Each structure stands twice: as structure tokens, then as C-alpha cells.
$ cat start_14.csv   # CSV, C-alpha atoms
chain,number,residue,atom,x,y,z
A,501,MET,CA,129.2,104.8,127.2
A,502,THR,CA,130.6,104.4,123.7
A,503,GLU,CA,127.7,102.6,122.1
A,504,GLN,CA,126.3,104.9,119.4
A,505,VAL,CA,123.4,104.6,117.0
A,506,LYS,CA,124.5,103.5,113.6
A,507,LYS,CA,122.7,103.2,110.3
A,508,LEU,CA,122.8,99.5,109.5
A,509,ARG,CA,124.3,98.1,106.3
A,510,ILE,CA,122.7,95.1,104.8
A,511,ASN,CA,125.0,92.1,104.5
A,512,TYR,CA,124.7,88.4,105.6
A,513,LYS,CA,126.1,89.2,109.0
A,514,THR,CA,123.5,91.8,109.7
A,515,LEU,CA,120.7,89.7,108.4
A,516,GLU,CA,121.8,86.8,110.6
A,517,GLU,CA,121.8,89.1,113.6
A,518,PHE,CA,118.2,90.2,112.7
A,519,LYS,CA,117.0,86.7,113.3
A,520,LYS,CA,117.5,87.2,117.1
A,521,PHE,CA,114.8,89.9,117.1
A,522,LYS,CA,111.2,89.0,117.8
A,523,GLU,CA,109.9,91.2,115.1
A,524,TYR,CA,111.5,89.4,112.2
A,525,GLY,CA,109.3,89.2,109.2
A,526,ALA,CA,108.6,90.1,105.5
A,527,GLN,CA,110.9,93.1,105.6
A,528,GLU,CA,114.0,91.1,106.7
A,529,LEU,CA,113.1,88.1,104.4
A,530,SER,CA,112.8,90.5,101.4
A,531,MET,CA,116.3,92.0,102.1
A,532,LEU,CA,117.7,88.5,102.4
A,533,GLU,CA,116.2,87.5,99.0
A,534,ASP,CA,117.3,90.7,97.3
A,535,LEU,CA,120.9,90.1,98.6
A,536,GLN,CA,120.8,86.4,97.4
A,537,ASP,CA,119.5,87.4,94.0
A,538,ASN,CA,122.0,90.2,93.7
A,539,ILE,CA,119.2,92.7,93.4
A,540,ILE,CA,120.8,94.8,96.1
A,541,GLU,CA,124.6,95.2,96.7
A,542,ASP,CA,126.2,93.8,99.8
A,543,ASP,CA,126.6,96.6,102.4
A,544,LEU,CA,123.7,98.7,101.0
A,545,ASP,CA,122.0,101.2,103.3
A,546,SER,CA,118.8,100.0,105.0
A,547,PRO,CA,116.0,101.8,106.9
A,548,PHE,CA,117.4,100.1,110.0
A,549,TYR,CA,119.4,101.8,112.7
A,550,GLY,CA,121.0,99.9,115.5
A,551,ILE,CA,123.3,99.9,118.5
A,552,TYR,CA,126.2,97.4,118.7
A,553,PHE,CA,127.7,96.2,121.9
A,554,GLY,CA,131.2,95.1,120.8
A,555,ASP,CA,130.4,93.4,117.5
A,556,GLN,CA,126.9,92.2,118.5
A,557,LEU,CA,123.8,94.0,117.4
A,558,ALA,CA,122.0,94.7,120.7
A,559,ALA,CA,119.1,96.9,119.7
A,560,ARG,CA,117.5,98.2,116.5
A,561,MET,CA,114.6,100.2,114.9
A,562,SER,CA,113.4,100.9,111.5
A,563,LEU,CA,112.9,104.5,110.5
A,564,TYR,CA,111.5,105.8,107.2
A,565,LYS,CA,110.7,109.2,105.9
A,566,ARG,CA,107.1,109.5,104.6
A,567,ASP,CA,106.2,112.2,102.2
A,568,ALA,CA,103.7,114.9,103.2
A,569,ARG,CA,101.3,113.7,100.5
A,570,PHE,CA,100.9,110.5,102.5
A,571,ASP,CA,100.4,112.3,105.8
A,572,GLN,CA,97.1,111.6,107.6
A,573,TYR,CA,98.4,112.4,111.1
A,574,PHE,CA,99.7,116.0,111.2
A,575,ASP,CA,98.1,119.3,110.3
A,576,PRO,CA,99.1,120.8,108.0
A,577,PRO,CA,100.3,117.7,106.2
A,578,GLN,CA,104.1,117.5,106.3
A,579,ASP,CA,107.0,115.1,105.9
A,580,TYR,CA,107.3,112.9,108.9
A,581,LEU,CA,109.2,109.8,110.1
A,582,GLU,CA,107.6,106.4,110.7
A,583,LEU,CA,109.3,104.4,113.3
A,584,TRP,CA,108.8,100.6,113.7
A,585,LYS,CA,110.5,97.5,115.1
A,586,LEU,CA,112.1,99.3,118.0
A,587,GLU,CA,113.5,96.4,120.0
A,588,VAL,CA,116.3,95.8,122.5
A,589,LEU,CA,117.5,92.2,122.9
A,590,PRO,CA,116.7,90.8,126.4
A,591,ASP,CA,120.4,90.7,127.5
A,592,PHE,CA,120.9,94.4,126.8
A,593,ARG,CA,117.8,95.9,128.4
A,594,GLY,CA,118.0,98.5,131.1
A,595,ARG,CA,121.0,100.3,129.5
A,596,GLY,CA,119.0,103.1,127.8
A,597,TYR,CA,119.4,101.7,124.3
A,598,GLY,CA,115.7,102.1,123.5
A,599,THR,CA,115.9,105.7,124.7
A,600,LYS,CA,119.0,106.3,122.6
A,601,LEU,CA,117.4,105.0,119.5
A,602,VAL,CA,114.2,107.2,120.0
A,603,GLU,CA,116.4,110.3,120.8
A,604,TYR,CA,118.2,109.6,117.5
A,605,ALA,CA,114.9,109.6,115.6
A,606,LYS,CA,113.9,112.8,117.3
A,607,SER,CA,117.2,114.5,116.3
A,608,TYR,CA,115.9,114.8,112.7
A,609,ASN,CA,113.5,117.4,114.2
A,610,MET,CA,110.5,116.0,112.2
A,611,PRO,CA,107.2,114.7,113.6
A,612,ILE,CA,107.3,110.9,114.3
A,613,LYS,CA,104.5,108.4,114.1
A,614,THR,CA,104.7,104.9,115.5
A,615,ASN,CA,102.4,102.0,116.1
A,616,PRO,CA,103.9,100.5,119.2
A,617,ARG,CA,103.3,97.0,120.5
A,618,LEU,CA,100.9,97.2,123.5
A,619,ASN,CA,103.7,96.5,126.0
A,620,SER,CA,105.9,99.3,124.8
A,621,ARG,CA,103.2,101.9,124.8
A,622,THR,CA,104.2,103.3,128.2
A,623,PHE,CA,107.8,103.6,127.1
A,624,PHE,CA,106.7,105.8,124.2
A,625,GLU,CA,104.5,107.9,126.3
A,626,MET,CA,107.4,108.6,128.7
A,627,MET,CA,109.4,109.6,125.6
A,628,GLY,CA,106.7,112.3,124.9
A,629,PHE,CA,104.6,110.4,122.3
A,630,GLN,CA,100.8,111.1,122.4
A,631,ALA,CA,97.8,109.1,121.3
A,632,VAL,CA,95.8,110.4,118.3
A,633,LYS,CA,92.1,110.0,118.0
A,634,TYR,CA,91.5,106.5,116.5
A,635,ASP,CA,90.1,106.5,113.0
A,636,VAL,CA,89.1,103.1,111.7
A,637,GLU,CA,89.6,104.0,108.0
A,638,ARG,CA,93.1,105.3,108.7
A,639,ASP,CA,94.2,103.1,111.6
A,640,LEU,CA,92.6,99.7,111.2
A,641,GLY,CA,94.5,97.5,113.7
A,642,GLU,CA,97.1,100.1,114.7
A,643,ASN,CA,97.5,101.9,118.0
A,644,PRO,CA,99.1,105.1,116.6
A,645,LEU,CA,101.2,107.4,118.8
A,646,VAL,CA,102.8,110.6,117.5
A,647,TRP,CA,105.6,113.0,118.6
A,648,PHE,CA,106.0,116.6,117.6
A,649,PRO,CA,109.2,118.6,117.7
A,650,ALA,CA,108.9,121.9,119.5
A,651,GLY,CA,107.1,124.5,117.4
A,652,VAL,CA,105.2,122.1,115.2
A,653,SER,CA,101.4,122.7,115.3
A,654,GLU,CA,99.4,120.4,117.5
A,655,GLN,CA,96.2,121.6,115.9
A,656,LYS,CA,95.0,118.2,114.8
A,657,LEU,CA,95.7,116.7,118.2
A,658,SER,CA,94.0,119.4,120.1
A,659,GLN,CA,90.8,118.8,118.1
A,660,GLU,CA,90.4,115.8,120.4
A,661,ASP,CA,89.5,118.1,123.3
A,662,SER,CA,86.9,120.1,121.5
B,444,MET,CA,77.9,72.9,115.9
B,445,THR,CA,75.5,75.8,116.5
B,446,GLU,CA,78.1,78.5,116.9
B,447,GLN,CA,77.8,81.0,114.1
B,448,VAL,CA,79.7,84.1,113.1
B,449,LYS,CA,77.8,87.2,114.2
B,450,LYS,CA,78.4,90.9,113.5
B,451,LEU,CA,79.1,92.4,116.9
B,452,ARG,CA,77.1,95.2,118.4
B,453,ILE,CA,78.9,97.7,120.5
B,454,ASN,CA,77.6,97.9,124.1
B,455,TYR,CA,79.2,97.8,127.5
B,456,LYS,CA,79.0,94.0,127.6
B,457,THR,CA,80.8,93.6,124.3
B,458,LEU,CA,83.5,96.1,125.3
B,459,GLU,CA,84.0,94.3,128.6
B,460,GLU,CA,84.4,91.0,126.7
B,461,PHE,CA,87.0,92.6,124.3
B,462,LYS,CA,89.3,93.1,127.3
B,463,LYS,CA,89.9,89.4,127.4
B,464,PHE,CA,91.6,89.5,124.0
B,465,LYS,CA,95.3,90.1,123.6
B,466,GLU,CA,95.0,92.6,120.8
B,467,TYR,CA,93.0,95.2,122.8
B,468,GLY,CA,94.1,98.7,121.9
B,469,ALA,CA,93.2,102.1,120.4
B,470,GLN,CA,90.3,100.7,118.5
B,471,GLU,CA,88.5,99.3,121.5
B,472,LEU,CA,89.3,102.3,123.7
B,473,SER,CA,87.9,104.6,121.1
B,474,MET,CA,84.6,102.7,120.9
B,475,LEU,CA,84.4,102.8,124.7
B,476,GLU,CA,84.9,106.6,124.8
B,477,ASP,CA,82.4,107.2,122.0
B,478,LEU,CA,79.8,105.1,123.9
B,479,GLN,CA,80.5,106.9,127.2
B,480,ASP,CA,80.3,110.3,125.5
B,481,ASN,CA,77.0,109.3,123.7
B,482,ILE,CA,78.8,109.9,120.4
B,483,ILE,CA,77.6,106.4,119.3
B,484,GLU,CA,74.4,104.7,120.2
B,485,ASP,CA,74.3,101.6,122.3
B,486,ASP,CA,74.2,98.5,120.2
B,487,LEU,CA,75.6,100.2,117.1
B,488,ASP,CA,77.2,98.0,114.4
B,489,SER,CA,81.0,97.6,114.5
B,490,PRO,CA,83.7,96.3,112.2
B,491,PHE,CA,84.0,93.3,114.6
B,492,TYR,CA,82.6,89.8,113.9
B,493,GLY,CA,82.6,87.1,116.6
B,494,ILE,CA,81.6,83.7,117.7
B,495,TYR,CA,79.8,83.2,120.9
B,496,PHE,CA,79.9,80.0,123.0
B,497,GLY,CA,76.7,80.3,125.0
B,498,ASP,CA,76.8,84.0,126.1
B,499,GLN,CA,80.6,84.3,126.1
B,500,LEU,CA,82.5,85.8,123.2
B,501,ALA,CA,85.0,83.1,122.3
B,502,ALA,CA,86.6,84.5,119.1
B,503,ARG,CA,86.6,87.7,117.1
B,504,MET,CA,88.1,89.5,114.1
B,505,SER,CA,87.8,92.9,112.6
B,506,LEU,CA,86.9,93.2,108.9
B,507,TYR,CA,86.7,96.4,106.9
B,508,LYS,CA,85.9,97.2,103.3
B,509,ARG,CA,88.6,99.3,101.7
B,510,ASP,CA,87.8,101.3,98.6
B,511,ALA,CA,89.7,100.5,95.3
B,512,ARG,CA,91.2,103.9,95.4
B,513,PHE,CA,93.3,102.9,98.5
B,514,ASP,CA,94.3,99.5,96.9
B,515,GLN,CA,98.0,99.0,96.6
B,516,TYR,CA,97.8,95.2,96.7
B,517,PHE,CA,95.7,94.0,93.8
B,518,ASP,CA,95.9,94.5,90.1
B,519,PRO,CA,93.7,96.1,88.7
B,520,PRO,CA,93.0,98.1,91.9
B,521,GLN,CA,89.7,96.9,93.4
B,522,ASP,CA,87.6,97.0,96.5
B,523,TYR,CA,89.0,94.5,99.1
B,524,LEU,CA,88.6,93.5,102.7
B,525,GLU,CA,91.2,94.2,105.3
B,526,LEU,CA,91.1,91.6,108.1
B,527,TRP,CA,92.8,92.2,111.5
B,528,LYS,CA,92.6,91.1,115.1
B,529,LEU,CA,91.7,87.5,114.4
B,530,GLU,CA,91.9,85.9,117.7
B,531,VAL,CA,90.4,82.9,119.5
B,532,LEU,CA,90.5,82.9,123.4
B,533,PRO,CA,92.8,80.1,124.7
B,534,ASP,CA,89.9,78.1,126.2
B,535,PHE,CA,88.2,77.8,122.9
B,536,ARG,CA,91.1,76.9,120.6
B,537,GLY,CA,91.0,73.7,118.5
B,538,ARG,CA,87.3,74.0,117.6
B,539,GLY,CA,87.7,75.6,114.2
B,540,TYR,CA,86.5,79.0,115.2
B,541,GLY,CA,89.5,80.7,113.5
B,542,THR,CA,88.7,78.9,110.3
B,543,LYS,CA,85.0,79.7,110.6
B,544,LEU,CA,85.8,83.4,110.9
B,545,VAL,CA,88.2,83.4,107.9
B,546,GLU,CA,85.6,81.4,105.8
B,547,TYR,CA,83.1,84.0,106.7
B,548,ALA,CA,85.4,86.8,105.4
B,549,LYS,CA,85.9,84.8,102.2
B,550,SER,CA,82.2,84.4,101.7
B,551,TYR,CA,82.1,88.1,100.6
B,552,ASN,CA,84.0,86.9,97.5
B,553,MET,CA,86.4,89.9,97.6
B,554,PRO,CA,90.1,89.9,97.8
B,555,ILE,CA,91.3,89.9,101.4
B,556,LYS,CA,94.5,91.5,102.9
B,557,THR,CA,95.8,90.8,106.3
B,558,ASN,CA,98.9,91.6,108.4
B,559,PRO,CA,99.1,88.5,110.6
B,560,ARG,CA,101.1,88.3,113.8
B,561,LEU,CA,104.1,86.1,113.1
B,562,ASN,CA,102.7,83.1,115.0
B,563,SER,CA,99.5,83.0,113.0
B,564,ARG,CA,101.2,83.2,109.6
B,565,THR,CA,101.1,79.4,109.1
B,566,PHE,CA,97.4,79.3,109.8
B,567,PHE,CA,96.7,81.9,107.2
B,568,GLU,CA,98.9,80.1,104.6
B,569,MET,CA,96.9,77.0,105.3
B,570,MET,CA,93.8,79.0,104.6
B,571,GLY,CA,95.1,79.9,101.1
B,572,PHE,CA,96.7,83.3,101.8
B,573,GLN,CA,99.9,84.2,100.0
B,574,ALA,CA,102.8,86.5,100.7
B,575,VAL,CA,103.2,89.6,98.5
B,576,LYS,CA,106.5,91.0,97.6
B,577,TYR,CA,107.5,93.3,100.5
B,578,ASP,CA,107.6,97.0,99.6
B,579,VAL,CA,109.0,99.3,102.3
B,580,GLU,CA,107.1,102.4,101.2
B,581,ARG,CA,103.8,100.5,101.3
B,582,ASP,CA,104.4,97.9,104.0
B,583,LEU,CA,106.7,99.4,106.6
B,584,GLY,CA,106.5,97.0,109.6
B,585,GLU,CA,103.8,94.8,108.1
B,586,ASN,CA,104.0,91.2,106.9
B,587,PRO,CA,101.2,91.3,104.3
B,588,LEU,CA,99.3,88.2,103.1
B,589,VAL,CA,96.6,88.3,100.6
B,590,TRP,CA,93.8,85.9,99.4
B,591,PHE,CA,92.1,86.0,96.0
B,592,PRO,CA,88.6,84.6,95.3
B,593,ALA,CA,88.6,82.3,92.3
B,594,GLY,CA,88.7,84.3,89.1
B,595,VAL,CA,90.4,87.4,90.4
B,596,SER,CA,93.6,88.3,88.6
B,597,GLU,CA,96.8,87.2,90.3
B,598,GLN,CA,98.8,89.3,87.9
B,599,LYS,CA,100.4,91.4,90.5
B,600,LEU,CA,101.4,88.4,92.6
B,601,SER,CA,102.8,86.5,89.6
B,602,GLN,CA,105.2,89.4,89.0
B,603,GLU,CA,107.2,88.1,91.9
B,604,ASP,CA,108.2,85.1,89.8
B,605,SER,CA,109.4,87.2,86.9

$ encode --input "start_14.csv" --output "C-alpha cells"
Amino acid sequence: MTEQVKKLRINYKTLEEFKKFKEYGAQELSMLEDLQDNIIEDDLDSPFYGIYFGDQLAARMSLYKRDARFDQYFDPPQDYLELWKLEVLPDFRGRGYGTKLVEYAKSYNMPIKTNPRLNSRTFFEMMGFQAVKYDVERDLGENPLVWFPAGVSEQKLSQEDS
Amino acid sequence: MTEQVKKLRINYKTLEEFKKFKEYGAQELSMLEDLQDNIIEDDLDSPFYGIYFGDQLAARMSLYKRDARFDQYFDPPQDYLELWKLEVLPDFRGRGYGTKLVEYAKSYNMPIKTNPRLNSRTFFEMMGFQAVKYDVERDLGENPLVWFPAGVSEQKLSQEDS
């Protein structure tokens, strides 16, 4: 297998490929507008990572580092990664691309938080993600799952059992 | 039409009805656990509002007041409502229940923010909601839309045009 995770560069080709993904929305439209208005350069870094099969984008996710001062999930508060829009195009499923993207996120060795679509919850649980106690003020319509690198305190999580 | 919007009370019957809705997740599971563990009383208020057809729950939404200190959408920062999980069961569509729920939310005369599923975006736009400029740090995977009561400053929104 030669398909590797790559940080995606924003250009018209990438933005055209993004339209094939189900979770296309405000984020992609904003990048397109910024490119059209010359607010961002062509080929600028993005918070998207993807796997190409040949020259086709087959899978992607968005990954963004959140500062400890925004942390409401880990104890003590710390920098963590927020992962969203993990998606593998239908023709490329069953090849481990989703796993490869999540393993890539884990390789930063930081806690990860995600708000999976209901049908991908089991996948994330198999990848070692755990539910946190729902808190309406923090979570609203989210279904948060978190992952801890080895050695990170799970104090906040274990409060659930007390 | 006698169907009116009601604040939903949490009991086993309501929680059983919630299972019919597509967006069933951490929020509902948490209410079920709290009820089972006697952490909340039977028939306690919830952030859910719904419309019954006879004794069946036909539509629902969640609505929660956010304090101005969490406001990142309106200028000046102010208390606002966050609306999520607006959903009408398939058998009850086309009767204006979705509109009735949103009109109910508007009746508080506070700004409203929502993160609609992509297929309900047009509905919200027809209800007078507008897109805000996407901000990755704030919005991550969201597709935020906002609504302003008459008289509320649209300063932040109009910055988009500048």
C-alpha cells in the first residue's frame, strides 16, 4: 500500500474534489470564496488531510489544534486536536483509509475530541475513543467522543463512574 | 389546527418516543441514564420542545439559552438561543410543524443560532436565517446560520460585505 496521508493544499482542483464528499458545507464554501477573492493564496495549507488513490482524493478529515484555554474535555485542561469530517468516498471503503487517517491524528500524541455522525460512532469506539458524560451547556447537539494518548490523565472521564 | 408547541417533560414515554427521531444521541442517552439512576425526577423540564399529534410526538427541537459571555456570533455579544435537532417525523411532514417550532423559538425575540443539517439549510433560509462568515477556530465542522429579531444590530453580519 503506497497511499499515504497528506496535508491538503487548497486550490481549485482540491475544492472541486471536496464536492464529492457528503459533509460539504460552510467550511469548503468559505475556502472557495477566499480563493476567488484572492484572500488566500493558491496552494495554501488547510486543516484538511487526505488520502489520494492515484490523483483522486479518496478520503479526508479535518484536524485542528485547540488551545488548552478552550479545553472543556480534559483534566487538567490541555492542548488537544479536534477531528471532524472524517469521510471515505463509497468506492474506496474497506481499504483501511479511515483507520489510516485516525492513526495519523493519533501520531501527534495529543488528546483528540470528535463529534461523530451516529453511523460512525462504532468505528471510533473500535479506534479507542470513549464517550464523555453529556453536558448540555457544553455539548448541545453533539455526541462527543475522546481519545487519550497513553499516559494522559483520564481523571475527568473516570468521574463518570463515581 | 389544534397542535401546539409544548415544552417536553422527561419521562420514559417521552424518551421512548425520542428513539423514532434520526438525531438520537448522547443527549437522549444521558437523560435516560439520569432518569434510571434517579438523578433527575420523572417529568422534569428538558431543553426539548415538541408538537404532539394526538398522543404521538410528531416533531421536536432542542432550544437552549446561551449567555452573552459565550457569544461569538452577535455584535455586541448578547444572550441568544441555540436551536438544534429540529426534526419532523416522516409521517407528519408538510403540515407546517417545522415552521411552527421555529416561529416558537423566534417568539422569545432573541437572536437564534443553529447549525442545520445540510438538507434543512434551505428551510432555515426561507425562515429568515442567514449565513455568517465561516471561522475555523469558532465553527470547525459547523455550518452556522443566525436569525435576528427586528431591531437587533446586524453589524457583525454586514462586515461580510466590507

$ residues_around --input "start_14.csv" --residues "region 497-506 of chain B" --least-positions-apart "3" --cutoff "6 Å" --atoms "all atoms listed in the file" --output "MDAnalysis selection string"
chainID B and resid 490:494 525:532

$ write_last_selection --input "start_14.csv" --atoms "C-alpha atoms" --output "CSV table (one decimal), keeping the file's coordinate frame"
chain,number,residue,atom,x,y,z
B,490,PRO,CA,83.7,96.3,112.2
B,491,PHE,CA,84.0,93.3,114.6
B,492,TYR,CA,82.6,89.8,113.9
B,493,GLY,CA,82.6,87.1,116.6
B,494,ILE,CA,81.6,83.7,117.7
B,525,GLU,CA,91.2,94.2,105.3
B,526,LEU,CA,91.1,91.6,108.1
B,527,TRP,CA,92.8,92.2,111.5
B,528,LYS,CA,92.6,91.1,115.1
B,529,LEU,CA,91.7,87.5,114.4
B,530,GLU,CA,91.9,85.9,117.7
B,531,VAL,CA,90.4,82.9,119.5
B,532,LEU,CA,90.5,82.9,123.4

$ residues_near_point --input "start_14.csv" --point "(102.9, 116.9, 106.9)" --cutoff "12 Å" --atoms "all atoms listed in the file" --output "PyMOL selection string"
chain A and resi 565-581+610-613+648+652-654+656

$ closest_atom_pairs --input "start_14.csv" --of "chain B" --to "chain A" --cutoff "10 Å" --atoms "all atoms listed in the file" --output "JSON lines"
{"residue": "B:Lys465", "atom": "CA", "partner": "A:Leu618", "partner_atom": "CA", "distance": 9.0}
{"residue": "B:Glu466", "atom": "CA", "partner": "A:Leu618", "partner_atom": "CA", "distance": 8.0}
{"residue": "B:Tyr467", "atom": "CA", "partner": "A:Leu618", "partner_atom": "CA", "distance": 8.2}
{"residue": "B:Gly468", "atom": "CA", "partner": "A:Asn643", "partner_atom": "CA", "distance": 6.1}
{"residue": "B:Ala469", "atom": "CA", "partner": "A:Asn643", "partner_atom": "CA", "distance": 4.9}
{"residue": "B:Gln470", "atom": "CA", "partner": "A:Tyr634", "partner_atom": "CA", "distance": 6.3}
{"residue": "B:Glu471", "atom": "CA", "partner": "A:Tyr634", "partner_atom": "CA", "distance": 9.3}
{"residue": "B:Leu472", "atom": "CA", "partner": "A:Tyr634", "partner_atom": "CA", "distance": 8.6}
{"residue": "B:Ser473", "atom": "CA", "partner": "A:Tyr634", "partner_atom": "CA", "distance": 6.1}
{"residue": "B:Met474", "atom": "CA", "partner": "A:Tyr634", "partner_atom": "CA", "distance": 9.0}
{"residue": "B:Pro490", "atom": "CA", "partner": "A:Val636", "partner_atom": "CA", "distance": 8.7}
{"residue": "B:Ser505", "atom": "CA", "partner": "A:Gly641", "partner_atom": "CA", "distance": 8.2}
{"residue": "B:Leu506", "atom": "CA", "partner": "A:Leu640", "partner_atom": "CA", "distance": 8.9}
{"residue": "B:Tyr507", "atom": "CA", "partner": "A:Leu640", "partner_atom": "CA", "distance": 8.0}
{"residue": "B:Lys508", "atom": "CA", "partner": "A:Glu637", "partner_atom": "CA", "distance": 9.1}
{"residue": "B:Arg509", "atom": "CA", "partner": "A:Glu637", "partner_atom": "CA", "distance": 7.9}
{"residue": "B:Asp510", "atom": "CA", "partner": "A:Glu637", "partner_atom": "CA", "distance": 9.9}
{"residue": "B:Glu525", "atom": "CA", "partner": "A:Leu640", "partner_atom": "CA", "distance": 8.2}
{"residue": "B:Leu526", "atom": "CA", "partner": "A:Leu640", "partner_atom": "CA", "distance": 8.8}
{"residue": "B:Trp527", "atom": "CA", "partner": "A:Gly641", "partner_atom": "CA", "distance": 6.0}
{"residue": "B:Lys528", "atom": "CA", "partner": "A:Gly641", "partner_atom": "CA", "distance": 6.8}
{"residue": "B:Asn558", "atom": "CA", "partner": "A:Gly641", "partner_atom": "CA", "distance": 9.1}
{"residue": "B:Arg560", "atom": "CA", "partner": "A:Glu523", "partner_atom": "CA", "distance": 9.4}
{"residue": "B:Leu561", "atom": "CA", "partner": "A:Gly525", "partner_atom": "CA", "distance": 7.2}
{"residue": "B:Ala574", "atom": "CA", "partner": "A:Ala526", "partner_atom": "CA", "distance": 8.3}
{"residue": "B:Val575", "atom": "CA", "partner": "A:Ala526", "partner_atom": "CA", "distance": 8.9}
{"residue": "B:Lys576", "atom": "CA", "partner": "A:Ser530", "partner_atom": "CA", "distance": 7.4}
{"residue": "B:Tyr577", "atom": "CA", "partner": "A:Ala526", "partner_atom": "CA", "distance": 6.0}
{"residue": "B:Asp578", "atom": "CA", "partner": "A:Gln527", "partner_atom": "CA", "distance": 7.9}
{"residue": "B:Val579", "atom": "CA", "partner": "A:Gln527", "partner_atom": "CA", "distance": 7.3}
{"residue": "B:Glu580", "atom": "CA", "partner": "A:Arg566", "partner_atom": "CA", "distance": 7.9}
{"residue": "B:Asp582", "atom": "CA", "partner": "A:Gln527", "partner_atom": "CA", "distance": 8.2}
{"residue": "B:Leu583", "atom": "CA", "partner": "A:Trp584", "partner_atom": "CA", "distance": 7.5}
{"residue": "B:Gly584", "atom": "CA", "partner": "A:Trp584", "partner_atom": "CA", "distance": 5.9}
{"residue": "B:Glu585", "atom": "CA", "partner": "A:Ala526", "partner_atom": "CA", "distance": 7.2}
{"residue": "B:Asn586", "atom": "CA", "partner": "A:Ala526", "partner_atom": "CA", "distance": 4.9}
{"residue": "B:Pro587", "atom": "CA", "partner": "A:Ala526", "partner_atom": "CA", "distance": 7.6}
{"residue": "B:Leu588", "atom": "CA", "partner": "A:Ala526", "partner_atom": "CA", "distance": 9.8}

$ write_last_selection --input "start_14.csv" --atoms "C-alpha atoms" --output "compact mmCIF listing (two decimals), keeping the file's coordinate frame"
# COMPACT_ATOMS: atom_id res chain seq x y z
CA LYS B 465 95.30 90.10 123.60
CA GLU B 466 95.00 92.60 120.80
CA TYR B 467 93.00 95.20 122.80
CA GLY B 468 94.10 98.70 121.90
CA ALA B 469 93.20 102.10 120.40
CA GLN B 470 90.30 100.70 118.50
CA GLU B 471 88.50 99.30 121.50
CA LEU B 472 89.30 102.30 123.70
CA SER B 473 87.90 104.60 121.10
CA MET B 474 84.60 102.70 120.90
CA PRO B 490 83.70 96.30 112.20
CA SER B 505 87.80 92.90 112.60
CA LEU B 506 86.90 93.20 108.90
CA TYR B 507 86.70 96.40 106.90
CA LYS B 508 85.90 97.20 103.30
CA ARG B 509 88.60 99.30 101.70
CA ASP B 510 87.80 101.30 98.60
CA GLU B 525 91.20 94.20 105.30
CA LEU B 526 91.10 91.60 108.10
CA TRP B 527 92.80 92.20 111.50
CA LYS B 528 92.60 91.10 115.10
CA ASN B 558 98.90 91.60 108.40
CA ARG B 560 101.10 88.30 113.80
CA LEU B 561 104.10 86.10 113.10
CA ALA B 574 102.80 86.50 100.70
CA VAL B 575 103.20 89.60 98.50
CA LYS B 576 106.50 91.00 97.60
CA TYR B 577 107.50 93.30 100.50
CA ASP B 578 107.60 97.00 99.60
CA VAL B 579 109.00 99.30 102.30
CA GLU B 580 107.10 102.40 101.20
CA ASP B 582 104.40 97.90 104.00
CA LEU B 583 106.70 99.40 106.60
CA GLY B 584 106.50 97.00 109.60
CA GLU B 585 103.80 94.80 108.10
CA ASN B 586 104.00 91.20 106.90
CA PRO B 587 101.20 91.30 104.30
CA LEU B 588 99.30 88.20 103.10

$ atom_distance --input "start_14.csv" --atom1 "CA of Asp486 (chain B)" --atom2 "CA of Lys463 (chain B)"
19.5 Å

$ atom_distance --input "start_14.csv" --atom1 "CA of Gln504 (chain A)" --atom2 "CA of Asp591 (chain A)"
17.4 Å

$ atom_distance --input "start_14.csv" --atom1 "CA of Ser620 (chain A)" --atom2 "CA of Leu532 (chain A)"
27.5 Å

$ closest_residue --input "start_14.csv" --among "A:Ile540, A:Leu535, A:Leu601, A:Ser546" --to "Arg509 (chain A)" --atoms "only C-alpha atoms"
A:Ser546
